[in-house]
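> Sharing run.csv, CSV, C-alpha atoms:
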chain,number,residue,atom,x,y,z
P,1,ASP,CA,0.0,0.0,0.0
P,2,ALA,CA,1.3,3.5,-0.8
P,3,GLY,CA,0.1,4.9,2.4
P,4,VAL,CA,-1.8,8.2,2.8
P,5,ILE,CA,-1.2,10.4,-0.2
P,6,GLN,CA,-1.4,14.2,0.0
P,7,SER,CA,-1.1,16.8,-2.7
P,8,PRO,CA,0.4,19.2,-3.2
P,9,ARG,CA,3.4,18.8,-0.9
P,10,HIS,CA,4.0,22.5,-1.0
P,11,GLU,CA,1.7,25.4,-1.8
P,12,VAL,CA,2.6,29.1,-1.9
P,13,THR,CA,-0.3,31.5,-2.5
P,14,GLU,CA,-1.3,35.1,-2.0
P,15,MET,CA,-3.7,36.3,0.6
P,16,GLY,CA,-7.3,36.1,-0.6
P,17,GLN,CA,-6.7,33.2,-3.0
P,18,GLU,CA,-8.5,29.9,-2.7
P,19,VAL,CA,-6.5,26.9,-1.6
P,20,THR,CA,-7.5,23.2,-2.0
P,21,LEU,CA,-5.6,20.5,-0.3
P,22,ARG,CA,-6.1,16.9,-1.3
P,23,CYS,CA,-5.9,13.5,0.4
P,24,LYS,CA,-6.2,9.9,-0.6
P,25,PRO,CA,-6.5,7.6,2.5
P,26,ILE,CA,-5.3,4.1,2.8
P,27,SER,CA,-7.7,1.7,1.1
P,28,GLY,CA,-10.1,0.1,3.5
P,29,HIS,CA,-9.7,2.7,6.2
P,30,ASP,CA,-13.0,4.1,7.4
P,31,TYR,CA,-11.8,7.1,9.3
P,32,LEU,CA,-10.1,10.2,7.9
P,33,PHE,CA,-8.7,13.1,9.8
P,34,TRP,CA,-7.4,16.6,8.9
P,35,TYR,CA,-4.8,18.2,11.1
P,36,ARG,CA,-2.9,21.5,11.1
P,37,GLN,CA,0.5,21.8,12.7
P,38,THR,CA,2.3,25.0,13.7
P,39,MET,CA,5.1,25.8,16.0
P,40,MET,CA,2.8,27.9,18.2
P,41,ARG,CA,-0.2,25.6,18.4
P,42,GLY,CA,1.2,22.2,17.8
P,43,LEU,CA,-0.9,19.5,16.0
P,44,GLU,CA,-4.6,20.4,16.0
P,45,LEU,CA,-7.4,18.3,14.8
P,46,LEU,CA,-9.6,20.2,12.3
P,47,ILE,CA,-12.2,17.7,11.3
P,48,TYR,CA,-12.7,13.9,11.0
P,49,PHE,CA,-14.9,11.7,8.9
P,50,ASN,CA,-16.3,8.2,9.4
P,51,ASN,CA,-17.5,6.4,6.3
P,52,ASN,CA,-17.3,9.7,4.4
P,53,VAL,CA,-19.6,11.5,6.9
P,54,PRO,CA,-18.2,14.4,8.9
P,55,ILE,CA,-18.4,13.5,12.6
P,56,ASP,CA,-16.6,16.3,14.4
P,57,ASP,CA,-15.7,19.6,12.8
P,58,SER,CA,-15.3,21.6,16.0
P,59,GLY,CA,-11.7,22.2,15.2
P,60,MET,CA,-12.3,24.0,12.0
P,61,PRO,CA,-11.1,27.6,12.7
P,62,GLU,CA,-13.9,29.5,10.9
P,63,ASP,CA,-16.2,29.5,7.9
P,64,ARG,CA,-13.3,30.1,5.5
P,65,PHE,CA,-12.4,26.4,6.0
P,66,SER,CA,-14.4,23.6,4.5
P,67,ALA,CA,-13.8,19.9,4.1
P,68,LYS,CA,-15.5,17.3,2.0
P,69,MET,CA,-15.2,13.5,1.4
P,70,PRO,CA,-17.2,12.6,-1.7
P,71,ASN,CA,-16.1,9.0,-1.6
P,72,ALA,CA,-14.0,6.6,0.4
P,73,SER,CA,-10.8,7.3,-1.5
P,74,PHE,CA,-10.7,11.1,-1.6
P,75,SER,CA,-11.0,14.1,0.6
P,76,THR,CA,-10.4,17.8,0.2
P,77,LEU,CA,-9.7,20.7,2.6
P,78,LYS,CA,-10.5,24.1,1.1
P,79,ILE,CA,-9.6,27.5,2.4
P,80,GLN,CA,-11.4,30.5,0.8
P,81,PRO,CA,-10.2,33.2,1.1
P,82,SER,CA,-6.7,32.3,2.5
P,83,GLU,CA,-4.9,34.5,5.0
P,84,PRO,CA,-1.3,34.6,6.2
P,85,ARG,CA,-2.2,33.1,9.5
P,86,ASP,CA,-3.4,30.0,7.7
P,87,SER,CA,0.3,29.2,6.9
P,88,ALA,CA,1.0,25.8,8.5
P,89,VAL,CA,1.6,22.2,7.6
P,90,TYR,CA,-1.7,20.4,7.0
P,91,PHE,CA,-1.8,16.6,7.6
P,92,CYS,CA,-4.3,14.1,6.5
P,93,ALA,CA,-4.5,10.8,8.4
P,94,SER,CA,-6.6,7.6,8.1
P,95,SER,CA,-7.4,4.7,10.4
P,96,SER,CA,-9.5,1.7,10.8
P,97,ASN,CA,-11.4,0.6,13.9
P,98,GLN,CA,-11.1,-3.1,13.1
P,99,GLY,CA,-8.3,-5.6,13.0
P,100,VAL,CA,-4.7,-5.5,14.1
P,101,GLY,CA,-3.5,-2.0,14.5
P,102,ARG,CA,-7.0,-0.6,14.8
P,103,ASN,CA,-7.2,3.0,15.9
P,104,GLU,CA,-3.7,3.6,14.7
P,105,GLN,CA,-3.6,6.8,12.6
P,106,PHE,CA,-1.5,6.7,9.5
P,107,PHE,CA,-0.4,10.1,8.6
P,108,GLY,CA,0.4,11.5,5.1
P,109,PRO,CA,3.6,13.5,4.5
P,110,GLY,CA,1.7,16.8,4.8
P,111,THR,CA,1.2,19.9,2.7
P,112,ARG,CA,3.2,22.9,3.7
P,113,LEU,CA,1.1,26.0,3.0
P,114,THR,CA,2.5,29.4,2.9
P,115,VAL,CA,0.1,32.4,2.4
P,116,LEU,CA,1.9,35.6,1.5
Y,1,THR,CA,-11.0,21.9,26.9
Y,2,GLN,CA,-8.7,18.9,27.3
Y,3,LEU,CA,-5.0,19.7,27.2
Y,4,LEU,CA,-2.0,17.5,27.2
Y,5,GLU,CA,1.1,19.2,28.4
Y,6,GLN,CA,4.5,17.6,27.6
Y,7,SER,CA,7.7,18.2,29.4
Y,8,PRO,CA,10.4,19.0,28.6
Y,9,GLN,CA,9.7,21.0,25.5
Y,10,PHE,CA,13.2,20.6,24.2
Y,11,LEU,CA,15.9,18.1,25.2
Y,12,SER,CA,19.5,17.8,23.9
Y,13,ILE,CA,21.5,15.0,25.2
Y,14,GLN,CA,24.6,12.9,24.4
Y,15,GLU,CA,24.5,9.5,22.8
Y,16,GLY,CA,24.2,6.8,25.5
Y,17,GLU,CA,22.3,8.9,28.1
Y,18,ASN,CA,18.9,8.0,29.4
Y,19,LEU,CA,15.9,10.4,29.3
Y,20,THR,CA,12.2,10.6,30.3
Y,21,VAL,CA,9.5,12.6,28.6
Y,22,TYR,CA,6.3,13.3,30.4
Y,23,CYS,CA,2.7,13.8,29.2
Y,24,ASN,CA,0.2,15.3,31.7
Y,25,SER,CA,-3.4,16.2,31.8
Y,26,SER,CA,-6.1,16.9,34.3
Y,27,SER,CA,-8.5,14.8,32.2
Y,28,VAL,CA,-9.0,11.1,32.0
Y,29,PHE,CA,-8.3,9.4,28.7
Y,30,SER,CA,-9.6,6.0,27.5
Y,31,SER,CA,-6.3,5.4,25.8
Y,32,LEU,CA,-3.1,7.2,25.0
Y,33,GLN,CA,-0.7,7.0,22.1
Y,34,TRP,CA,2.9,8.0,21.5
Y,35,TYR,CA,4.1,9.2,18.1
Y,36,ARG,CA,7.5,10.2,16.7
Y,37,GLN,CA,7.8,12.7,14.0
Y,38,GLU,CA,10.8,13.4,11.8
Y,39,PRO,CA,11.4,16.6,9.8
Y,40,GLY,CA,9.3,16.8,6.7
Y,41,GLU,CA,7.2,13.7,7.6
Y,42,GLY,CA,4.0,12.9,9.4
Y,43,PRO,CA,3.9,11.4,12.9
Y,44,VAL,CA,4.4,7.7,13.2
Y,45,LEU,CA,2.8,5.6,15.9
Y,46,LEU,CA,5.1,4.1,18.5
Y,47,VAL,CA,2.7,2.6,21.0
Y,48,THR,CA,-0.9,2.6,22.4
Y,49,VAL,CA,-1.6,2.1,26.1
Y,50,VAL,CA,-5.1,1.5,27.3
Y,51,THR,CA,-5.1,0.2,30.9
Y,52,GLY,CA,-4.2,2.4,33.9
Y,53,GLY,CA,-0.7,1.4,35.1
Y,54,GLU,CA,0.1,-0.4,31.8
Y,55,VAL,CA,3.8,-0.6,30.8
Y,56,LYS,CA,4.9,-1.4,27.3
Y,57,LYS,CA,8.4,-1.8,26.0
Y,58,LEU,CA,9.6,-1.2,22.5
Y,59,LYS,CA,13.3,-2.1,22.4
Y,60,ARG,CA,15.0,0.7,24.3
Y,61,LEU,CA,11.7,2.7,24.8
Y,62,THR,CA,9.5,2.1,27.8
Y,63,PHE,CA,6.0,3.6,28.0
Y,64,GLN,CA,3.8,3.8,31.0
Y,65,PHE,CA,0.2,4.9,31.4
Y,66,GLY,CA,-0.6,6.5,34.8
Y,67,ASP,CA,-2.9,4.6,37.2
Y,68,ALA,CA,-5.6,7.2,36.9
Y,69,ARG,CA,-5.2,7.4,33.1
Y,70,LYS,CA,-4.4,11.1,33.2
Y,71,ASP,CA,-0.7,11.0,32.4
Y,72,SER,CA,2.0,9.0,30.7
Y,73,SER,CA,5.7,8.8,30.4
Y,74,LEU,CA,8.2,7.7,27.8
Y,75,HIS,CA,11.7,6.5,28.9
Y,76,ILE,CA,14.5,6.0,26.5
Y,77,THR,CA,17.5,4.0,27.6
Y,78,ALA,CA,20.9,4.6,26.0
Y,79,ALA,CA,19.7,7.2,23.5
Y,80,GLN,CA,21.0,7.0,20.0
Y,81,PRO,CA,21.2,9.7,17.3
Y,82,GLY,CA,18.4,7.8,15.4
Y,83,ASP,CA,16.1,8.7,18.3
Y,84,THR,CA,16.2,12.3,17.4
Y,85,GLY,CA,12.8,13.7,16.5
Y,86,LEU,CA,9.6,15.3,17.8
Y,87,TYR,CA,7.7,13.0,20.3
Y,88,LEU,CA,4.0,13.5,20.6
Y,89,CYS,CA,1.5,12.0,23.0
Y,90,ALA,CA,-2.1,11.8,22.0
Y,91,GLY,CA,-5.1,11.1,24.2
Y,92,ARG,CA,-8.4,9.7,23.2
Y,93,ALA,CA,-11.1,11.3,25.4
Y,94,THR,CA,-13.7,8.6,25.6
Y,95,SER,CA,-14.3,5.2,24.1
Y,96,GLY,CA,-17.2,6.6,22.0
Y,97,THR,CA,-15.1,9.0,20.0
Y,98,TYR,CA,-12.2,8.6,17.6
Y,99,LYS,CA,-10.9,12.1,18.4
Y,100,TYR,CA,-7.4,12.3,19.7
Y,101,ILE,CA,-6.0,15.4,21.4
Y,102,PHE,CA,-2.3,15.8,20.7
Y,103,GLY,CA,0.2,17.0,23.3
Y,104,THR,CA,2.5,20.0,23.0
Y,105,GLY,CA,5.4,17.9,21.9
Y,106,THR,CA,9.0,17.2,23.0
Y,107,ARG,CA,11.7,17.9,20.6
Y,108,LEU,CA,14.7,15.5,21.3
Y,109,LYS,CA,18.1,15.8,19.8
Y,110,VAL,CA,20.7,13.1,20.5
Y,111,LEU,CA,24.3,14.1,19.8
Y,112,ALA,CA,26.8,11.6,18.6
Show this structure as structure tokens.


Amino acid sequence: DAGVIQSPRHEVTEMGQEVTLRCKPISGHDYLFWYRQTMMRGLELLIYFNNNVPIDDSGMPEDRFSAKMPNASFSTLKIQPSEPRDSAVYFCASSSNQGVGRNEQFFGPGTRLTVL
Amino acid sequence: TQLLEQSPQFLSIQEGENLTVYCNSSSVFSSLQWYRQEPGEGPVLLVTVVTGGEVKKLKRLTFQFGDARKDSSLHITAAQPGDTGLYLCAGRATSGTYKYIFGTGTRLKVLA
């Protein structure tokens, strides 16, 4: 398995632009998580899905952030409009609640977002 | 709001030394995980502890979950440069949720 795949790996954009981050979870995993990591705030959970349904979005900073999971193999995190304070590394992770290693979150390599 | 405080925040030691990292909270967690993250990569799970007082060993790493399930420790024996990285603890609030709260992190550097 290729693991969790995220794209792009790096994104540099200007304030006010729309940014879309993409994630492909591990096949067969039924949970998908979006995190944001900064030096100041550490690793914060933004939202997580179970079977493509958003379960907890209490970590989404504000209405400028939205996440979707149209099918079991794809999710997006969109920021519109972007602001400099959104600059961070965004991680996607997936997990399964069954079998050996259940509840282990497998993280992607992250997308480093810089908003100028 | 549940918080997980880790200490120390930064640690720089010589190869061969022992160290302990702490993860503390005022909240009870149903389980706790430890991850290690290297630069440019996502965190990788090291261990999950579930029972209060539980001790797990992974080669030179020893993990303990506090009796009251509010805290945990990670002890590394004879640290090696390959242990360098960011260590994160993550607590799961209740058994009915899959939401994990991550700790503030301990950045470890082991010098050869």

> So which residues touch stretch 33-42 of chain Y within 8 Å, counting all atoms listed in the file, skipping near sequence neighbours fewer than 3 positions away, as a PyMOL selection string?

(chain P and resi 91+107-110) or (chain Y and resi 45-49+84-91)

> Take the selection from the previous step and output its residues with C-alpha atoms, as a PDB file, keeping the file's coordinate frame.


ATOM      1  CA  PHE P  91      -1.800  16.600   7.600  1.00  0.00           C
ATOM      2  CA  PHE P 107      -0.400  10.100   8.600  1.00  0.00           C
ATOM      3  CA  GLY P 108       0.400  11.500   5.100  1.00  0.00           C
ATOM      4  CA  PRO P 109       3.600  13.500   4.500  1.00  0.00           C
ATOM      5  CA  GLY P 110       1.700  16.800   4.800  1.00  0.00           C
TER       6      GLY P 110
ATOM      7  CA  LEU Y  45       2.800   5.600  15.900  1.00  0.00           C
ATOM      8  CA  LEU Y  46       5.100   4.100  18.500  1.00  0.00           C
ATOM      9  CA  VAL Y  47       2.700   2.600  21.000  1.00  0.00           C
ATOM     10  CA  THR Y  48      -0.900   2.600  22.400  1.00  0.00           C
ATOM     11  CA  VAL Y  49      -1.600   2.100  26.100  1.00  0.00           C
ATOM     12  CA  THR Y  84      16.200  12.300  17.400  1.00  0.00           C
ATOM     13  CA  GLY Y  85      12.800  13.700  16.500  1.00  0.00           C
ATOM     14  CA  LEU Y  86       9.600  15.300  17.800  1.00  0.00           C
ATOM     15  CA  TYR Y  87       7.700  13.000  20.300  1.00  0.00           C
ATOM     16  CA  LEU Y  88       4.000  13.500  20.600  1.00  0.00           C
ATOM     17  CA  CYS Y  89       1.500  12.000  23.000  1.00  0.00           C
ATOM     18  CA  ALA Y  90      -2.100  11.800  22.000  1.00  0.00           C
ATOM     19  CA  GLY Y  91      -5.100  11.100  24.200  1.00  0.00           C
TER      20      GLY Y  91
END

> Using all atoms listed in the file, list the residues that have an atom at most 9 Å from (16.1, 3.9, 30.6), coordinates as in the file, as a list in words.

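Neighbouring residues, ordered by chain and number, come to Glu17, Asn18, Leu19, Thr20, Arg60, Leu61, Thr62, His75, Ile76, Thr77, Ala78 and Ala79 of chain Y.
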
> Counting all atoms listed in the file, which residue out of P:Ile26, P:Met60, P:Val12, P:Ile47 sits closest to chain Y?

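With all atoms listed in the file as the atom set, the closest residue is P:Ile47.
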
> Leaving out Y:Val110 and any residue of its chain fewer than 6 positions from it, which residues lie within 7 Å of it when counting all atoms listed in the file, given as a PyMOL selection string?

chain Y and resi 12-15+79-81+83-84

> Show me, as a ChimeraX atom specification, the residues of chain Y whose atoms get within 8 Å of chain P, using all atoms listed in the file for the distance check.

/Y:40-45,98-105

> My list of candidates is P:Arg102, P:Ser94, P:Ala72, P:Ser87. Which is closest to P:Ile5 when distances are computed with only C-alpha atoms?

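The closest residue to P:Ile5 is P:Ser94.
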
> Any idea what the distance is between atom CA of Y:Asp71 and atom CA of Y:Ser30?

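Spanning atom CA of Y:Asp71 to atom CA of Y:Ser30 is a straight-line distance of 11.3 Å.
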
> For the point (-3.1, 0.3, 29.5) in the file's frame, write as a PDB file with C-alpha atoms, keeping the file's coordinate frame all residues with an atom no more than 9 Å away, counting all atoms listed in the file.


ATOM      1  CA  SER Y  30      -9.600   6.000  27.500  1.00  0.00           C
ATOM      2  CA  SER Y  31      -6.300   5.400  25.800  1.00  0.00           C
ATOM      3  CA  LEU Y  32      -3.100   7.200  25.000  1.00  0.00           C
ATOM      4  CA  THR Y  48      -0.900   2.600  22.400  1.00  0.00           C
ATOM      5  CA  VAL Y  49      -1.600   2.100  26.100  1.00  0.00           C
ATOM      6  CA  VAL Y  50      -5.100   1.500  27.300  1.00  0.00           C
ATOM      7  CA  THR Y  51      -5.100   0.200  30.900  1.00  0.00           C
ATOM      8  CA  GLY Y  52      -4.200   2.400  33.900  1.00  0.00           C
ATOM      9  CA  GLY Y  53      -0.700   1.400  35.100  1.00  0.00           C
ATOM     10  CA  GLU Y  54       0.100  -0.400  31.800  1.00  0.00           C
ATOM     11  CA  VAL Y  55       3.800  -0.600  30.800  1.00  0.00           C
ATOM     12  CA  LYS Y  56       4.900  -1.400  27.300  1.00  0.00           C
ATOM     13  CA  GLN Y  64       3.800   3.800  31.000  1.00  0.00           C
ATOM     14  CA  PHE Y  65       0.200   4.900  31.400  1.00  0.00           C
ATOM     15  CA  GLY Y  66      -0.600   6.500  34.800  1.00  0.00           C
ATOM     16  CA  ASP Y  67      -2.900   4.600  37.200  1.00  0.00           C
ATOM     17  CA  ARG Y  69      -5.200   7.400  33.100  1.00  0.00           C
TER      18      ARG Y  69
END

> How many Å lie between atom CA of P:Leu46 and atom CA of P:Pro61, rounded to one decimal?

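Interatomic distance here is 7.6 Å.
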
> Starting from the block above, write stretch 13-26 of chain P out to a file with all heavy atoms, as a PDB file, in the first residue's frame, please.


ATOM      1  N   THR P  13       0.795  30.711  -1.883  1.00  0.00           N
ATOM      2  CA  THR P  13      -0.270  31.479  -2.504  1.00  0.00           C
ATOM      3  C   THR P  13      -0.333  32.866  -1.878  1.00  0.00           C
ATOM      4  O   THR P  13       0.325  33.136  -0.874  1.00  0.00           O
ATOM      5  CB  THR P  13      -1.618  30.756  -2.335  1.00  0.00           C
ATOM      6  OG1 THR P  13      -2.621  31.393  -3.131  1.00  0.00           O
ATOM      7  CG2 THR P  13      -2.066  30.769  -0.881  1.00  0.00           C
ATOM      8  N   GLU P  14      -1.105  33.700  -2.479  1.00  0.00           N
ATOM      9  CA  GLU P  14      -1.257  35.065  -1.954  1.00  0.00           C
ATOM     10  C   GLU P  14      -2.561  35.175  -1.169  1.00  0.00           C
ATOM     11  O   GLU P  14      -3.555  34.507  -1.469  1.00  0.00           O
ATOM     12  CB  GLU P  14      -1.220  36.073  -3.100  1.00  0.00           C
ATOM     13  CG  GLU P  14       0.132  36.149  -3.779  1.00  0.00           C
ATOM     14  CD  GLU P  14       0.222  37.288  -4.769  1.00  0.00           C
ATOM     15  OE1 GLU P  14      -0.828  37.829  -5.151  1.00  0.00           O
ATOM     16  OE2 GLU P  14       1.360  37.624  -5.158  1.00  0.00           O
ATOM     17  N   MET P  15      -2.527  36.037  -0.223  1.00  0.00           N
ATOM     18  CA  MET P  15      -3.697  36.289   0.604  1.00  0.00           C
ATOM     19  C   MET P  15      -4.922  36.556  -0.265  1.00  0.00           C
ATOM     20  O   MET P  15      -4.841  37.279  -1.260  1.00  0.00           O
ATOM     21  CB  MET P  15      -3.426  37.502   1.498  1.00  0.00           C
ATOM     22  CG  MET P  15      -4.558  37.860   2.439  1.00  0.00           C
ATOM     23  SD  MET P  15      -4.083  39.167   3.589  1.00  0.00           S
ATOM     24  CE  MET P  15      -3.788  40.506   2.456  1.00  0.00           C
ATOM     25  N   GLY P  16      -6.033  35.923   0.105  1.00  0.00           N
ATOM     26  CA  GLY P  16      -7.267  36.116  -0.635  1.00  0.00           C
ATOM     27  C   GLY P  16      -7.553  35.031  -1.655  1.00  0.00           C
ATOM     28  O   GLY P  16      -8.696  34.889  -2.115  1.00  0.00           O
ATOM     29  N   GLN P  17      -6.545  34.254  -1.995  1.00  0.00           N
ATOM     30  CA  GLN P  17      -6.731  33.183  -2.974  1.00  0.00           C
ATOM     31  C   GLN P  17      -7.357  31.958  -2.320  1.00  0.00           C
ATOM     32  O   GLN P  17      -7.246  31.734  -1.106  1.00  0.00           O
ATOM     33  CB  GLN P  17      -5.396  32.802  -3.609  1.00  0.00           C
ATOM     34  CG  GLN P  17      -4.751  33.918  -4.418  1.00  0.00           C
ATOM     35  CD  GLN P  17      -5.614  34.332  -5.585  1.00  0.00           C
ATOM     36  OE1 GLN P  17      -5.999  33.497  -6.409  1.00  0.00           O
ATOM     37  NE2 GLN P  17      -5.923  35.623  -5.668  1.00  0.00           N
ATOM     38  N   GLU P  18      -7.987  31.150  -3.161  1.00  0.00           N
ATOM     39  CA  GLU P  18      -8.547  29.880  -2.692  1.00  0.00           C
ATOM     40  C   GLU P  18      -7.469  28.795  -2.746  1.00  0.00           C
ATOM     41  O   GLU P  18      -6.691  28.731  -3.694  1.00  0.00           O
ATOM     42  CB  GLU P  18      -9.721  29.473  -3.584  1.00  0.00           C
ATOM     43  CG  GLU P  18     -10.333  28.128  -3.231  1.00  0.00           C
ATOM     44  CD  GLU P  18     -11.499  27.768  -4.138  1.00  0.00           C
ATOM     45  OE1 GLU P  18     -12.514  28.495  -4.117  1.00  0.00           O
ATOM     46  OE2 GLU P  18     -11.400  26.756  -4.869  1.00  0.00           O
ATOM     47  N   VAL P  19      -7.446  27.975  -1.703  1.00  0.00           N
ATOM     48  CA  VAL P  19      -6.479  26.884  -1.627  1.00  0.00           C
ATOM     49  C   VAL P  19      -7.229  25.572  -1.425  1.00  0.00           C
ATOM     50  O   VAL P  19      -8.144  25.508  -0.602  1.00  0.00           O
ATOM     51  CB  VAL P  19      -5.514  27.092  -0.433  1.00  0.00           C
ATOM     52  CG1 VAL P  19      -4.590  25.888  -0.288  1.00  0.00           C
ATOM     53  CG2 VAL P  19      -4.712  28.368  -0.618  1.00  0.00           C
ATOM     54  N   THR P  20      -6.857  24.554  -2.179  1.00  0.00           N
ATOM     55  CA  THR P  20      -7.467  23.238  -2.016  1.00  0.00           C
ATOM     56  C   THR P  20      -6.381  22.202  -1.785  1.00  0.00           C
ATOM     57  O   THR P  20      -5.469  22.049  -2.592  1.00  0.00           O
ATOM     58  CB  THR P  20      -8.293  22.844  -3.255  1.00  0.00           C
ATOM     59  OG1 THR P  20      -9.347  23.799  -3.441  1.00  0.00           O
ATOM     60  CG2 THR P  20      -8.911  21.465  -3.056  1.00  0.00           C
ATOM     61  N   LEU P  21      -6.498  21.520  -0.662  1.00  0.00           N
ATOM     62  CA  LEU P  21      -5.569  20.453  -0.310  1.00  0.00           C
ATOM     63  C   LEU P  21      -6.281  19.123  -0.515  1.00  0.00           C
ATOM     64  O   LEU P  21      -7.472  18.995  -0.208  1.00  0.00           O
ATOM     65  CB  LEU P  21      -5.113  20.604   1.145  1.00  0.00           C
ATOM     66  CG  LEU P  21      -4.617  22.001   1.555  1.00  0.00           C
ATOM     67  CD1 LEU P  21      -4.182  21.986   3.015  1.00  0.00           C
ATOM     68  CD2 LEU P  21      -3.515  22.484   0.659  1.00  0.00           C
ATOM     69  N   ARG P  22      -5.531  18.132  -0.974  1.00  0.00           N
ATOM     70  CA  ARG P  22      -6.137  16.854  -1.337  1.00  0.00           C
ATOM     71  C   ARG P  22      -5.532  15.701  -0.559  1.00  0.00           C
ATOM     72  O   ARG P  22      -4.345  15.739  -0.197  1.00  0.00           O
ATOM     73  CB  ARG P  22      -5.989  16.622  -2.840  1.00  0.00           C
ATOM     74  CG  ARG P  22      -6.703  17.660  -3.681  1.00  0.00           C
ATOM     75  CD  ARG P  22      -6.388  17.534  -5.153  1.00  0.00           C
ATOM     76  NE  ARG P  22      -7.167  18.476  -5.948  1.00  0.00           N
ATOM     77  CZ  ARG P  22      -6.878  19.764  -6.080  1.00  0.00           C
ATOM     78  NH1 ARG P  22      -5.807  20.280  -5.484  1.00  0.00           N
ATOM     79  NH2 ARG P  22      -7.647  20.548  -6.825  1.00  0.00           N
ATOM     80  N   CYS P  23      -6.345  14.675  -0.339  1.00  0.00           N
ATOM     81  CA  CYS P  23      -5.891  13.519   0.421  1.00  0.00           C
ATOM     82  C   CYS P  23      -6.526  12.242  -0.106  1.00  0.00           C
ATOM     83  O   CYS P  23      -7.734  12.191  -0.357  1.00  0.00           O
ATOM     84  CB  CYS P  23      -6.241  13.691   1.896  1.00  0.00           C
ATOM     85  SG  CYS P  23      -5.863  12.251   2.925  1.00  0.00           S
ATOM     86  N   LYS P  24      -5.686  11.220  -0.240  1.00  0.00           N
ATOM     87  CA  LYS P  24      -6.176   9.882  -0.558  1.00  0.00           C
ATOM     88  C   LYS P  24      -5.816   8.977   0.601  1.00  0.00           C
ATOM     89  O   LYS P  24      -4.639   8.732   0.862  1.00  0.00           O
ATOM     90  CB  LYS P  24      -5.526   9.371  -1.845  1.00  0.00           C
ATOM     91  CG  LYS P  24      -5.913   7.945  -2.219  1.00  0.00           C
ATOM     92  CD  LYS P  24      -5.257   7.530  -3.524  1.00  0.00           C
ATOM     93  CE  LYS P  24      -5.386   6.031  -3.791  1.00  0.00           C
ATOM     94  NZ  LYS P  24      -6.771   5.569  -3.738  1.00  0.00           N
ATOM     95  N   PRO P  25      -6.808   8.485   1.351  1.00  0.00           N
ATOM     96  CA  PRO P  25      -6.504   7.643   2.507  1.00  0.00           C
ATOM     97  C   PRO P  25      -6.081   6.240   2.089  1.00  0.00           C
ATOM     98  O   PRO P  25      -6.167   5.873   0.918  1.00  0.00           O
ATOM     99  CB  PRO P  25      -7.841   7.612   3.254  1.00  0.00           C
ATOM    100  CG  PRO P  25      -8.865   7.737   2.169  1.00  0.00           C
ATOM    101  CD  PRO P  25      -8.247   8.668   1.149  1.00  0.00           C
ATOM    102  N   ILE P  26      -5.640   5.469   3.071  1.00  0.00           N
ATOM    103  CA  ILE P  26      -5.293   4.079   2.827  1.00  0.00           C
ATOM    104  C   ILE P  26      -6.562   3.294   2.517  1.00  0.00           C
ATOM    105  O   ILE P  26      -7.578   3.460   3.202  1.00  0.00           O
ATOM    106  CB  ILE P  26      -4.548   3.483   4.038  1.00  0.00           C
ATOM    107  CG1 ILE P  26      -3.175   4.153   4.177  1.00  0.00           C
ATOM    108  CG2 ILE P  26      -4.408   1.978   3.917  1.00  0.00           C
ATOM    109  CD1 ILE P  26      -2.414   3.763   5.430  1.00  0.00           C
TER     110      ILE P  26
END
